[in-house]
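Coordinates from model_38.txt are shown below (compact mmCIF, C-alpha atoms and all ligand atoms).
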# COMPACT_ATOMS: atom_id res chain seq x y z
CA MET A 95 0.00 0.00 0.00
CA ALA A 96 1.26 3.46 -0.86
CA THR A 97 2.26 5.38 2.22
CA GLU A 98 2.00 8.81 0.67
CA TYR A 99 -1.34 10.30 -0.08
CA THR A 100 -2.79 13.56 -1.22
CA ARG A 101 -5.79 14.81 0.76
CA GLU A 102 -7.95 14.49 -2.34
CA ALA A 103 -6.94 10.86 -2.80
CA LEU A 104 -8.10 10.27 0.77
CA GLY A 105 -11.51 11.82 0.15
CA TRP A 106 -10.87 15.33 1.49
CA GLY A 107 -13.30 18.00 0.32
CA PRO A 108 -15.13 21.27 1.11
CA HIS A 109 -17.20 19.63 3.88
CA PHE A 110 -14.02 19.20 5.94
CA LEU A 111 -12.10 22.24 4.76
CA GLN A 112 -14.86 24.60 5.90
CA GLN A 113 -14.60 23.23 9.43
CA LEU A 114 -11.03 24.49 9.88
CA SER A 115 -10.12 27.79 11.44
CA LEU A 116 -7.39 29.79 9.70
CA GLU A 117 -4.99 28.77 12.46
CA GLU A 118 -5.85 25.11 12.09
CA PHE A 119 -5.55 25.38 8.33
CA GLU A 120 -2.03 26.72 8.68
CA GLN A 121 -0.77 24.61 11.56
CA CYS A 122 -2.62 21.31 11.68
CA ARG A 123 -2.57 18.22 9.61
CA PRO A 124 -5.77 16.44 8.62
CA GLY A 125 -5.72 12.66 8.58
CA ARG A 126 -8.15 9.90 7.77
CA ILE A 127 -8.58 6.66 9.72
CA LEU A 128 -7.67 3.69 7.51
CA GLN A 129 -7.90 0.95 10.12
CA GLN A 130 -8.70 0.51 13.76
CA HIS A 131 -7.24 -1.83 16.32
CA LYS A 132 -8.04 -2.29 19.96
CA ASN A 133 -5.90 0.54 21.31
CA LEU A 134 -4.90 2.51 18.25
CA VAL A 135 -6.04 3.77 14.89
CA GLN A 136 -3.97 3.93 11.74
CA VAL A 137 -4.27 7.41 10.25
CA ALA A 138 -3.21 8.48 6.76
CA THR A 139 -1.97 12.05 6.34
CA GLU A 140 -0.15 13.77 3.52
CA ALA A 141 3.04 13.20 5.52
CA GLY A 142 2.51 9.46 5.74
CA VAL A 143 0.65 6.90 7.83
CA LEU A 144 0.82 7.11 11.61
CA ASP A 145 -0.39 4.96 14.49
CA LEU A 146 -2.42 7.06 16.87
CA PRO A 147 -2.92 5.56 20.35
CA LEU A 148 -6.53 5.80 21.55
CA LEU A 149 -7.03 7.63 24.84
CA PRO A 150 -10.15 7.71 27.00
CA THR A 151 -10.38 11.47 26.44
CA MET A 152 -10.89 11.03 22.69
CA PRO A 153 -14.39 10.82 21.20
CA PRO A 154 -15.53 7.51 19.67
CA MET A 155 -13.96 7.26 16.21
CA VAL A 156 -14.26 4.83 13.35
CA VAL A 157 -12.72 3.92 9.99
CA GLY A 158 -13.35 6.72 7.49
CA ASP A 159 -13.26 9.49 10.09
CA TRP A 160 -11.25 12.66 9.46
CA LEU A 161 -9.31 14.15 12.36
CA LEU A 162 -6.70 16.81 12.99
CA VAL A 163 -3.26 16.17 14.44
CA ASP A 164 -0.67 18.76 15.44
CA GLU A 165 2.93 18.97 14.24
CA ASP A 166 3.97 16.44 16.88
CA ARG A 167 1.34 14.03 15.57
CA HIS A 168 -0.87 14.43 18.62
CA PHE A 169 -4.63 14.18 18.29
CA LEU A 170 -6.40 17.54 18.29
CA ARG A 171 -9.98 16.95 17.27
CA LEU A 172 -12.41 14.91 15.22
CA LEU A 173 -14.05 16.60 12.24
CA ASP A 174 -17.82 16.47 11.67
CA ARG A 175 -18.91 13.59 9.45
CA PHE A 176 -21.17 13.90 6.45
CA SER A 177 -22.41 10.35 6.95
CA LEU A 178 -22.14 7.74 9.69
CA PHE A 179 -23.02 4.06 9.84
CA SER A 180 -23.87 2.49 13.16
CA ARG A 181 -25.88 -0.43 14.46
CA LYS A 182 -26.84 -2.01 17.73
CA ALA A 183 -23.95 -4.23 18.83
CA ALA A 184 -24.54 -7.92 18.07
CA GLY A 185 -25.83 -10.24 20.76
CA THR A 186 -27.27 -9.00 24.02
CA LYS A 187 -24.85 -6.09 24.43
CA VAL A 188 -26.70 -2.82 24.90
CA GLN A 189 -24.41 -0.61 22.90
CA THR A 190 -24.24 1.28 19.63
CA GLN A 191 -21.40 0.15 17.41
CA LEU A 192 -19.91 2.49 14.85
CA ILE A 193 -19.29 0.86 11.47
CA ALA A 194 -17.90 3.57 9.15
CA ALA A 195 -17.87 7.32 8.59
CA ASN A 196 -17.85 9.68 5.60
CA VAL A 197 -19.13 7.17 3.08
CA ASN A 198 -20.60 8.28 -0.28
CA THR A 199 -21.98 4.98 -1.55
CA ALA A 200 -22.74 1.65 0.11
CA PHE A 201 -22.52 -1.55 -1.91
CA VAL A 202 -25.00 -3.99 -0.41
CA VAL A 203 -23.33 -7.20 -1.55
CA THR A 204 -25.19 -10.47 -1.82
CA SER A 205 -24.53 -13.57 -3.90
CA ILE A 206 -27.17 -14.75 -6.33
CA ASN A 207 -26.95 -18.35 -5.16
CA GLN A 208 -26.91 -19.25 -1.44
CA ASP A 209 -27.29 -15.85 0.18
CA PHE A 210 -30.03 -14.27 -1.93
CA ASN A 211 -32.77 -12.98 0.37
CA LEU A 212 -34.95 -9.93 -0.29
CA SER A 213 -35.76 -9.37 3.39
CA ARG A 214 -32.06 -9.23 4.24
CA ILE A 215 -31.48 -6.75 1.40
CA GLU A 216 -34.28 -4.56 2.81
CA ARG A 217 -32.61 -4.69 6.22
CA TYR A 218 -29.29 -3.45 4.78
CA LEU A 219 -31.10 -0.80 2.73
CA THR A 220 -32.69 0.51 5.93
CA LEU A 221 -29.25 0.88 7.49
CA VAL A 222 -27.88 2.62 4.38
CA HIS A 223 -30.82 5.01 4.02
CA GLU A 224 -30.63 5.88 7.71
CA ALA A 225 -27.01 6.94 7.15
CA GLY A 226 -28.20 9.18 4.30
CA VAL A 227 -26.03 7.28 1.82
CA GLU A 228 -26.80 6.04 -1.68
CA PRO A 229 -27.14 2.23 -1.85
CA VAL A 230 -26.20 0.03 -4.78
CA VAL A 231 -27.19 -3.63 -4.57
CA VAL A 232 -24.36 -5.74 -5.97
CA LEU A 233 -25.29 -9.32 -6.84
CA THR A 234 -22.17 -11.49 -7.01
CA LYS A 235 -21.47 -14.97 -8.41
CA ALA A 236 -23.46 -14.17 -11.56
CA ASP A 237 -21.12 -16.64 -13.30
CA LEU A 238 -22.41 -19.47 -11.10
CA SER A 239 -26.09 -18.75 -11.42
CA GLY A 240 -28.69 -19.47 -14.09
CA SER A 241 -31.19 -16.97 -12.69
CA VAL A 242 -29.33 -13.67 -12.93
CA GLU A 243 -32.07 -11.69 -14.68
CA GLU A 244 -34.81 -12.97 -12.32
CA SER A 245 -32.72 -12.00 -9.30
CA VAL A 246 -32.01 -8.52 -10.67
CA GLN A 247 -35.73 -8.03 -11.38
CA ALA A 248 -36.67 -9.26 -7.89
CA VAL A 249 -34.38 -6.65 -6.31
CA ARG A 250 -35.64 -3.92 -8.67
CA SER A 251 -39.20 -4.74 -7.61
CA LEU A 252 -38.32 -3.50 -4.10
CA ASP A 253 -37.82 0.03 -5.39
CA PRO A 254 -37.87 1.14 -9.03
CA MET A 255 -35.16 3.75 -8.29
CA LEU A 256 -32.77 1.24 -6.74
CA MET A 257 -29.43 0.63 -8.47
CA VAL A 258 -28.75 -3.08 -9.02
CA GLU A 259 -25.68 -4.61 -10.66
CA ALA A 260 -24.97 -8.30 -11.19
CA VAL A 261 -21.28 -9.22 -11.48
CA ASN A 262 -18.70 -11.93 -11.41
CA ALA A 263 -16.53 -10.47 -8.63
CA LEU A 264 -13.49 -12.39 -9.89
CA ASP A 265 -13.63 -10.83 -13.33
CA GLU A 266 -12.07 -7.43 -14.01
CA ASP A 267 -14.27 -6.65 -17.02
CA SER A 268 -17.43 -7.59 -15.18
CA VAL A 269 -16.79 -5.23 -12.25
CA THR A 270 -16.24 -2.19 -14.48
CA THR A 271 -20.00 -1.59 -14.11
CA LEU A 272 -19.17 -0.49 -10.54
CA ALA A 273 -16.61 2.12 -11.62
CA PRO A 274 -19.06 5.07 -11.67
CA TRP A 275 -19.32 4.94 -7.87
CA CYS A 276 -15.59 4.50 -7.29
CA GLY A 277 -14.43 7.82 -8.75
CA GLU A 278 -11.93 10.32 -7.32
CA SER A 279 -12.41 11.18 -3.64
CA LYS A 280 -15.48 8.93 -3.34
CA THR A 281 -15.68 6.41 -0.52
CA VAL A 282 -17.52 3.13 -1.07
CA LEU A 283 -18.52 0.90 1.84
CA PHE A 284 -18.96 -2.85 1.31
CA LEU A 285 -21.70 -4.45 3.40
CA GLY A 286 -23.06 -7.99 3.35
CA SER A 287 -22.93 -11.46 4.84
CA SER A 288 -19.77 -13.51 5.10
CA GLY A 289 -18.67 -15.27 1.94
CA VAL A 290 -20.63 -13.16 -0.55
CA GLY A 291 -17.47 -11.73 -2.12
CA LYS A 292 -16.85 -8.28 -0.57
CA SER A 293 -13.08 -8.75 -0.34
CA THR A 294 -13.02 -10.43 -3.76
CA LEU A 295 -14.66 -7.31 -5.22
CA VAL A 296 -12.18 -5.05 -3.42
CA ASN A 297 -9.27 -7.07 -4.82
CA THR A 298 -10.58 -7.08 -8.38
CA LEU A 299 -11.36 -3.35 -8.31
CA MET A 300 -7.90 -2.63 -6.87
CA GLY A 301 -6.29 -4.91 -9.44
CA ASP A 302 -4.25 -6.26 -6.54
CA PRO A 303 -5.02 -9.06 -4.03
CA ILE A 304 -4.67 -6.92 -0.90
CA GLN A 305 -7.48 -8.55 1.06
CA ALA A 306 -7.55 -12.24 1.99
CA THR A 307 -10.51 -14.12 0.56
CA SER A 308 -11.76 -17.55 1.38
CA GLY A 309 -11.90 -20.47 -1.03
CA ILE A 310 -13.61 -22.82 1.35
CA ARG A 311 -16.55 -21.59 3.39
CA VAL A 312 -17.00 -23.29 6.71
CA ASP A 313 -20.44 -22.32 7.90
CA ASP A 314 -20.59 -23.56 11.44
CA SER A 315 -22.71 -22.00 14.14
CA LYS A 316 -19.83 -19.78 15.23
CA GLY A 317 -19.61 -18.33 11.74
CA ARG A 318 -16.24 -18.02 10.05
CA HIS A 319 -15.25 -14.67 8.71
CA THR A 320 -12.34 -14.31 6.36
CA THR A 321 -12.11 -10.56 6.90
CA SER A 322 -11.80 -9.73 10.59
CA GLY A 323 -11.54 -5.92 10.66
CA ARG A 324 -12.64 -2.89 8.70
CA SER A 325 -10.12 -1.23 6.43
CA LEU A 326 -10.02 1.58 3.90
CA HIS A 327 -8.07 1.22 0.64
CA SER A 328 -7.18 3.86 -1.87
CA LEU A 329 -7.76 2.99 -5.52
CA PRO A 330 -5.28 3.97 -8.24
CA SER A 331 -8.20 5.77 -9.93
CA GLY A 332 -8.72 7.94 -6.84
CA GLY A 333 -11.65 6.29 -5.08
CA LEU A 334 -11.58 4.62 -1.67
CA LEU A 335 -12.92 1.17 -0.80
CA LEU A 336 -13.94 0.24 2.74
CA ASP A 337 -14.06 -3.53 3.28
CA THR A 338 -15.90 -4.93 6.31
CA PRO A 339 -16.26 -8.37 7.89
CA GLY A 340 -19.56 -10.13 7.13
CA MET A 341 -22.29 -9.41 9.65
CA ARG A 342 -23.85 -12.47 11.15
CA GLU A 343 -26.66 -10.53 12.70
CA LEU A 344 -27.71 -7.03 11.75
CA GLN A 345 -29.68 -5.55 14.63
CA LEU A 346 -31.16 -2.16 13.87
CA ALA A 347 -31.91 0.70 16.24
CA ASP A 348 -32.93 4.32 15.66
CA VAL A 349 -33.65 3.76 11.98
CA GLU A 350 -37.09 5.34 11.59
CA ASP A 351 -36.05 7.57 8.70
CA GLY A 352 -34.22 4.70 7.03
CA LEU A 353 -37.34 2.52 7.31
CA GLU A 354 -39.55 5.22 5.89
CA ARG A 355 -37.24 5.67 2.92
CA THR A 356 -36.71 1.93 2.31
CA PHE A 357 -40.42 1.18 2.58
CA ALA A 358 -41.59 4.39 0.90
CA ASP A 359 -44.52 2.51 -0.72
CA ILE A 360 -45.84 1.44 2.69
CA SER A 361 -45.30 4.92 4.18
CA ALA A 362 -47.25 6.42 1.26
CA LEU A 363 -50.12 3.96 1.72
CA ALA A 364 -50.32 4.81 5.42
CA GLN A 365 -51.22 8.39 4.43
CA SER A 366 -54.50 7.08 2.99
CA CYS A 367 -55.63 5.07 6.03
CA ARG A 368 -58.96 6.29 7.42
CA PHE A 369 -57.56 6.90 10.90
CA ALA A 370 -54.49 9.03 11.42
CA ASP A 371 -53.31 6.68 14.20
CA CYS A 372 -54.04 3.50 12.22
CA GLY A 373 -51.99 0.57 13.50
CA HIS A 374 -52.44 -1.29 10.17
CA VAL A 375 -53.48 -4.47 11.99
CA SER A 376 -57.25 -4.77 11.77
CA GLU A 377 -58.55 -1.19 11.54
CA PRO A 378 -61.37 -0.46 9.08
CA GLY A 379 -60.31 1.67 6.14
CA CYS A 380 -56.64 0.64 6.43
CA ALA A 381 -54.98 1.29 3.06
CA ILE A 382 -52.03 -1.00 3.82
CA LEU A 383 -54.23 -4.01 4.60
CA ALA A 384 -56.32 -3.27 1.51
CA ALA A 385 -53.17 -3.19 -0.65
CA GLN A 386 -52.05 -6.48 0.85
CA GLU A 387 -55.43 -8.07 0.14
CA SER A 388 -55.47 -6.90 -3.46
CA GLY A 389 -51.96 -8.26 -3.96
CA GLU A 390 -50.55 -4.81 -4.71
CA LEU A 391 -48.36 -5.07 -1.58
CA ASP A 392 -46.31 -8.22 -1.09
CA THR A 393 -47.06 -9.97 2.23
CA ARG A 394 -43.37 -10.84 2.70
CA ARG A 395 -42.43 -7.18 2.37
CA LEU A 396 -45.14 -6.02 4.78
CA GLU A 397 -44.12 -8.62 7.35
CA ASN A 398 -40.45 -7.71 7.05
CA TYR A 399 -41.36 -4.03 7.52
CA ARG A 400 -43.32 -4.90 10.68
CA LYS A 401 -40.49 -7.07 11.98
CA ILE A 402 -37.79 -4.41 11.51
CA MET A 403 -40.13 -1.74 12.95
CA ARG A 404 -40.81 -3.82 16.11
CA GLU A 405 -37.14 -4.66 16.51
CA GLN A 406 -35.92 -1.11 16.07
CA THR A 407 -38.54 0.21 18.52
CA ILE A 408 -37.35 -2.21 21.23
CA ASN A 409 -33.64 -1.65 20.48
CA SER A 410 -34.02 2.14 20.41
CA ALA A 411 -35.80 2.11 23.78
CA THR A 412 -33.13 -0.14 25.33
CA LEU A 413 -30.33 2.08 24.02
CA ALA A 414 -32.09 5.24 25.21
CA GLU A 415 -32.45 3.73 28.68
CA LYS A 416 -28.78 2.78 28.71
CA ARG A 417 -27.76 6.31 27.68
CA TYR A 418 -29.97 7.72 30.42
CA LYS A 419 -28.48 5.38 33.03
CA ASP A 420 -24.91 6.14 31.89
CA LYS A 421 -25.63 9.85 32.17
CA ALA A 422 -27.15 9.41 35.63
CA LEU A 423 -24.19 7.27 36.73
CA GLY A 424 -21.73 9.86 35.40
CA LYS A 425 -23.53 12.57 37.32
CA PHE A 426 -23.54 10.44 40.49
CA ILE A 427 -19.77 9.78 40.19
CA ARG A 428 -19.06 13.47 39.68
CA THR A 429 -21.16 14.35 42.75
CA VAL A 430 -19.33 11.77 44.88
CA GLN A 431 -15.95 13.01 43.60
CA SER A 432 -16.64 16.67 44.33
CA GLU A 433 -18.13 15.68 47.71
CA SER A 434 -14.94 13.80 48.67
CA ARG A 435 -12.76 16.67 47.40
CA ARG A 436 -14.76 19.06 49.55
CA ARG A 437 -14.36 16.77 52.58
CA LYS A 438 -10.58 16.58 52.10
CA HIS A 439 -10.39 20.32 52.37
CA GLU A 440 -12.51 20.44 55.49
CA PRO A 441 -10.51 20.96 58.71
N1 LIG B 501 -17.27 -17.75 -9.00
C1 LIG B 501 -17.32 -16.70 -8.21
N2 LIG B 501 -16.78 -16.79 -6.98
C2 LIG B 501 -16.86 -15.70 -6.18
C3 LIG B 501 -17.47 -14.49 -6.59
N3 LIG B 501 -17.40 -13.59 -5.57
C4 LIG B 501 -16.75 -14.22 -4.57
N4 LIG B 501 -16.42 -15.48 -4.93
C5 LIG B 501 -15.73 -16.47 -4.07
O1 LIG B 501 -16.43 -16.54 -2.84
C6 LIG B 501 -15.52 -16.81 -1.77
C7 LIG B 501 -15.73 -15.81 -0.65
O2 LIG B 501 -15.38 -14.51 -1.05
P1 LIG B 501 -14.82 -13.39 -0.05
O3 LIG B 501 -14.47 -12.23 -0.91
O4 LIG B 501 -13.79 -13.92 0.85
O5 LIG B 501 -16.13 -13.06 0.80
P2 LIG B 501 -16.34 -11.88 1.86
O6 LIG B 501 -17.67 -11.28 1.58
O7 LIG B 501 -15.19 -10.96 1.88
O8 LIG B 501 -16.44 -12.70 3.24
P3 LIG B 501 -16.03 -12.22 4.76
O9 LIG B 501 -14.72 -11.55 4.70
O10 LIG B 501 -16.01 -13.49 5.55
O11 LIG B 501 -17.13 -11.30 5.20
C8 LIG B 501 -14.14 -16.74 -2.40
O12 LIG B 501 -13.71 -18.07 -2.64
C9 LIG B 501 -14.33 -16.04 -3.70
O13 LIG B 501 -13.41 -16.43 -4.69
C10 LIG B 501 -18.03 -14.44 -7.92
O14 LIG B 501 -18.65 -13.43 -8.36
N5 LIG B 501 -17.94 -15.58 -8.67
MG MG B 502 -13.91 -10.40 3.33
ZN ZN B 503 -53.57 1.44 8.19
Output the file's structure in the form of structure tokens.
Amino acid sequence: MATEYTREALGWGPHFLQQLSLEEFEQCRPGRILQQHKNLVQVATEAGVLDLPLLPTMPPMVVGDWLLVDEDRHFLRLLDRFSLFSRKAAGTKVQTQLIAANVNTAFVVTSINQDFNLSRIERYLTLVHEAGVEPVVVLTKADLSGSVEESVQAVRSLDPMLMVEAVNALDEDSVTTLAPWCGESKTVLFLGSSGVGKSTLVNTLMGDPIQATSGIRVDDSKGRHTTSGRSLHSLPSGGLLLDTPGMRELQLADVEDGLERTFADISALAQSCRFADCGHVSEPGCAILAAQESGELDTRRLENYRKIMREQTINSATLAEKRYKDKALGKFIRTVQSESRRRKHEP
């Protein structure tokens, strides 16, 4: 990997430039996070790549973030993001996990054979729309499937405006259809289950096998992932590719806008329900139920919408409660600390 970058090659632009004071512009160095490890992040600047140790005083940061360092390579501050991907941490953990920042386009990658599942695609689209990012559904393993056109049409049926591309991820000519989103200064995030070909696509687009890919998939209950961390790679043509490990479980929280955008047809129908507070379950004059009955609205799609809605409502409430408790605990600790300081000074 090249160790020298121009800001533009790293995705720098007016959104970040306008955040700098004149002093910062003259004295500080902007850098972008390429990779993150447990205790440090790898940051690319015009003066090379540096390892920045993470300190508790720093804000939460993620791959794709822009930050400022001083001349001694010390962290100064994080710059505002124009987009941010996050999800509820997998399992029972009550925590928001950051996935990537400052992304222009998200490739929702799925293979046409084993992995193909419209409800899963809708779930990823909800995440992408919530981040305010343009999705492109990339169907891989087109060379292994006899039903490419049907699969493309099935995805298109979700949303007539949706971009869908079917490719053989191993073939350089085939992936040129993805070039329009990988232009200069544009960051593309790869999302999708394990084994669908995210790293294969990254390698073929880079023209260089920089990411390990797996020939043999071992799908045991623990789930094997070939890619274990998120990393950002700069393309010779100027774009940036952000590879991620496959997600075994994509739990959504705080995605109301993303849901509304992904299921725009259902949101539009809801406007015509007789009652403004229609629950779309058994109410008379419900436009959604009527559309389902007439076959205009697919039952699978409606049920997936309800499922994600229920899940995100519960997850959002749990996360809000956790944030409230953390805040209350922080306040309690500060009170105890100032109390004990006061006592120390008492005669
Ligand atoms: N024939 C064919 N094989 C593909 C295609 N895309 C991926 N593969 C193969 O699928 C396997 C898995 O690909 P990876 O790129 O490792 O998958 P991944 O999405 O990065 O998986 P994780 O890193 O575990 O999330 C590899 O053996 C690839 O060669 C394709 O379009 N056609
Ligand atoms: Mg991978
Ligand atoms: Zn209704």
Quiz prompt | Selected residue of minimal separation from ligand ZN 503 (chain B) among A:Phe357, A:Phe426, A:Phe369, A:Tyr399, counting only C-alpha atoms and all ligand atoms | solution = A:Phe369
Dump as JSON lines the rows for residues of chain A within 8 Å of ligand MG 502 (chain B): closest atom pair and distance in Å with one decimal, only C-alpha atoms and all ligand atoms counted, ordered by chain and rising residue number.
{"residue": "A:Ser288", "atom": "CA", "partner": "B:MG502", "partner_atom": "MG", "distance": 6.9}
{"residue": "A:Gly289", "atom": "CA", "partner": "B:MG502", "partner_atom": "MG", "distance": 7.0}
{"residue": "A:Gly291", "atom": "CA", "partner": "B:MG502", "partner_atom": "MG", "distance": 6.6}
{"residue": "A:Lys292", "atom": "CA", "partner": "B:MG502", "partner_atom": "MG", "distance": 5.3}
{"residue": "A:Ser293", "atom": "CA", "partner": "B:MG502", "partner_atom": "MG", "distance": 4.1}
{"residue": "A:Thr294", "atom": "CA", "partner": "B:MG502", "partner_atom": "MG", "distance": 7.1}
{"residue": "A:Gln305", "atom": "CA", "partner": "B:MG502", "partner_atom": "MG", "distance": 7.1}
{"residue": "A:Ala306", "atom": "CA", "partner": "B:MG502", "partner_atom": "MG", "distance": 6.8}
{"residue": "A:Thr307", "atom": "CA", "partner": "B:MG502", "partner_atom": "MG", "distance": 5.8}
{"residue": "A:Ser308", "atom": "CA", "partner": "B:MG502", "partner_atom": "MG", "distance": 7.7}
{"residue": "A:His319", "atom": "CA", "partner": "B:MG502", "partner_atom": "MG", "distance": 7.0}
{"residue": "A:Thr320", "atom": "CA", "partner": "B:MG502", "partner_atom": "MG", "distance": 5.2}
{"residue": "A:Thr321", "atom": "CA", "partner": "B:MG502", "partner_atom": "MG", "distance": 4.0}
{"residue": "A:Ser322", "atom": "CA", "partner": "B:MG502", "partner_atom": "MG", "distance": 7.6}
{"residue": "A:Asp337", "atom": "CA", "partner": "B:MG502", "partner_atom": "MG", "distance": 6.9}
{"residue": "A:Thr338", "atom": "CA", "partner": "B:MG502", "partner_atom": "MG", "distance": 6.5}
{"residue": "A:Pro339", "atom": "CA", "partner": "B:MG502", "partner_atom": "MG", "distance": 5.5}
{"residue": "A:Gly340", "atom": "CA", "partner": "B:MG502", "partner_atom": "MG", "distance": 6.8}
Using the selection just defined, write its residues with C-alpha atoms as a short mmCIF file (atom, residue, chain, number, x, y, z; two decimals), keeping the file's coordinate frame.
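Here's the written file part.cif:
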data_model
loop_
_atom_site.label_atom_id
_atom_site.label_comp_id
_atom_site.auth_asym_id
_atom_site.auth_seq_id
_atom_site.Cartn_x
_atom_site.Cartn_y
_atom_site.Cartn_z
CA SER A 288 -19.77 -13.51 5.10
CA GLY A 289 -18.67 -15.27 1.94
CA GLY A 291 -17.47 -11.73 -2.12
CA LYS A 292 -16.85 -8.28 -0.57
CA SER A 293 -13.08 -8.75 -0.34
CA THR A 294 -13.02 -10.43 -3.76
CA GLN A 305 -7.48 -8.55 1.06
CA ALA A 306 -7.55 -12.24 1.99
CA THR A 307 -10.51 -14.12 0.56
CA SER A 308 -11.76 -17.55 1.38
CA HIS A 319 -15.25 -14.67 8.71
CA THR A 320 -12.34 -14.31 6.36
CA THR A 321 -12.11 -10.56 6.90
CA SER A 322 -11.80 -9.73 10.59
CA ASP A 337 -14.06 -3.53 3.28
CA THR A 338 -15.90 -4.93 6.31
CA PRO A 339 -16.26 -8.37 7.89
CA GLY A 340 -19.56 -10.13 7.13
#
As a PDB file with C-alpha atoms, in the coordinates of the input, please: every protein or nucleic acid residue near ligand ZN 503 (chain B) (cut-off 6 Å, counting all atoms listed in the file).
ATOM      1  CA  ALA A 364     -50.320   4.810   5.420  1.00  0.00           C
ATOM      2  CA  CYS A 367     -55.630   5.070   6.030  1.00  0.00           C
ATOM      3  CA  CYS A 372     -54.040   3.500  12.220  1.00  0.00           C
ATOM      4  CA  GLY A 373     -51.990   0.570  13.500  1.00  0.00           C
ATOM      5  CA  HIS A 374     -52.440  -1.290  10.170  1.00  0.00           C
ATOM      6  CA  CYS A 380     -56.640   0.640   6.430  1.00  0.00           C
ATOM      7  CA  ALA A 381     -54.980   1.290   3.060  1.00  0.00           C
ATOM      8  CA  ILE A 382     -52.030  -1.000   3.820  1.00  0.00           C
TER       9      ILE A 382
END
Quiz item: From the list A:Glu243, A:Glu405, A:Glu278, A:Glu387, which residue is nearest A:Gly105 when using all atoms listed in the file?
Solution: A:Glu278
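Across the model, the gap from atom CA of A:Glu259 to atom CA of A:Arg400 is 27.7 Å.
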Quiz item: Can you list, as JSON, numbers by chain, every protein, DNA or RNA residue that comes within 6 Å of stretch 184-196 of chain A when you count only C-alpha atoms, leaving out same-chain residues fewer than 4 positions away?
Solution: {"A": [156, 157, 158, 159, 175, 176, 177, 178, 179, 180]}
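Excluding stretch 134-140 of chain A itself and any same-chain residue fewer than 2 positions from it, the protein and nucleic acid residues within 8 Å of it, counting only C-alpha atoms, are Thr97, Glu98, Tyr99, Thr100, Arg101, Leu104, Arg123, Pro124, Gly125, Arg126, Ile127, Leu128, Gln129, Gln130, His131, Lys132, Gly142, Val143, Leu144, Asp145, Leu146, Pro147 and Leu148 of chain A.
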List as a compact mmCIF listing (two decimals) with C-alpha atoms, in the frame of the given file: which residues have an atom within 12 Å of (-10.9, -9.6, -13.8), counting only C-alpha atoms?
# COMPACT_ATOMS: atom_id res chain seq x y z
CA VAL A 261 -21.28 -9.22 -11.48
CA ASN A 262 -18.70 -11.93 -11.41
CA ALA A 263 -16.53 -10.47 -8.63
CA LEU A 264 -13.49 -12.39 -9.89
CA ASP A 265 -13.63 -10.83 -13.33
CA GLU A 266 -12.07 -7.43 -14.01
CA ASP A 267 -14.27 -6.65 -17.02
CA SER A 268 -17.43 -7.59 -15.18
CA VAL A 269 -16.79 -5.23 -12.25
CA THR A 270 -16.24 -2.19 -14.48
CA THR A 294 -13.02 -10.43 -3.76
CA LEU A 295 -14.66 -7.31 -5.22
CA VAL A 296 -12.18 -5.05 -3.42
CA ASN A 297 -9.27 -7.07 -4.82
CA THR A 298 -10.58 -7.08 -8.38
CA LEU A 299 -11.36 -3.35 -8.31
CA MET A 300 -7.90 -2.63 -6.87
CA GLY A 301 -6.29 -4.91 -9.44
CA ASP A 302 -4.25 -6.26 -6.54
CA PRO A 303 -5.02 -9.06 -4.03
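When atom CA of A:Pro378 is paired with atom CA of A:Met403, their separation reads 21.6 Å.
Across the model, the gap from atom CA of A:Gln113 to atom CA of A:Leu173 is 7.2 Å.
Restricting the calculation to only C-alpha atoms and all ligand atoms, the smallest distance between ligand LIG 501 (chain B) and any of A:Val249, A:Ile206, A:Ala273, A:Ala370 is found for A:Ile206.
Restricting the calculation to only C-alpha atoms, the smallest distance between A:Met152 and any of A:Leu170, A:Ala358, A:Leu272, A:Val231 is found for A:Leu170.
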Could you write out as lines of an AutoDock Vina configuration file the box around stretch 167-173 of chain A (axis-aligned, all atoms listed in the file, 3 Å on each side), with centre and edge lengths in Å to one decimal?
center_x = -6.4
center_y = 15.8
center_z = 15.4
size_x = 21.4
size_y = 9.5
size_z = 12.4
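Distances to ligand LIG 501 (chain B) were evaluated for A:Pro108, A:Gly286, A:Gly379, A:Gly332 using only C-alpha atoms and all ligand atoms, and the minimum falls at A:Gly286.
Distances from A:Thr204, A:Ser279, A:Asn133, A:Thr271 to A:Ser245 were compared using only C-alpha atoms, and the smallest one belongs to A:Thr204.
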Neighbouring residues of stretch 213-219 of chain A were defined as those with any atom within 7 Å, considering only C-alpha atoms; residues of the same chain fewer than 3 positions away were excluded. Please report them as an mmCIF file with C-alpha atoms, in the frame of the given file.
data_model
loop_
_atom_site.group_PDB
_atom_site.id
_atom_site.type_symbol
_atom_site.label_atom_id
_atom_site.label_comp_id
_atom_site.auth_asym_id
_atom_site.auth_seq_id
_atom_site.Cartn_x
_atom_site.Cartn_y
_atom_site.Cartn_z
ATOM 1 C CA VAL A 202 -25.000 -3.990 -0.410
ATOM 2 C CA VAL A 222 -27.880 2.620 4.380
ATOM 3 C CA HIS A 223 -30.820 5.010 4.020
ATOM 4 C CA PRO A 229 -27.140 2.230 -1.850
ATOM 5 C CA THR A 356 -36.710 1.930 2.310
ATOM 6 C CA ASN A 398 -40.450 -7.710 7.050
#
Quiz prompt | Shell around A:Glu118 at 12 Å using only C-alpha atoms, local window under 3 positions removed, as a PyMOL selection string | solution = chain A and resi 110-115+121-124+161-165+170-171+173
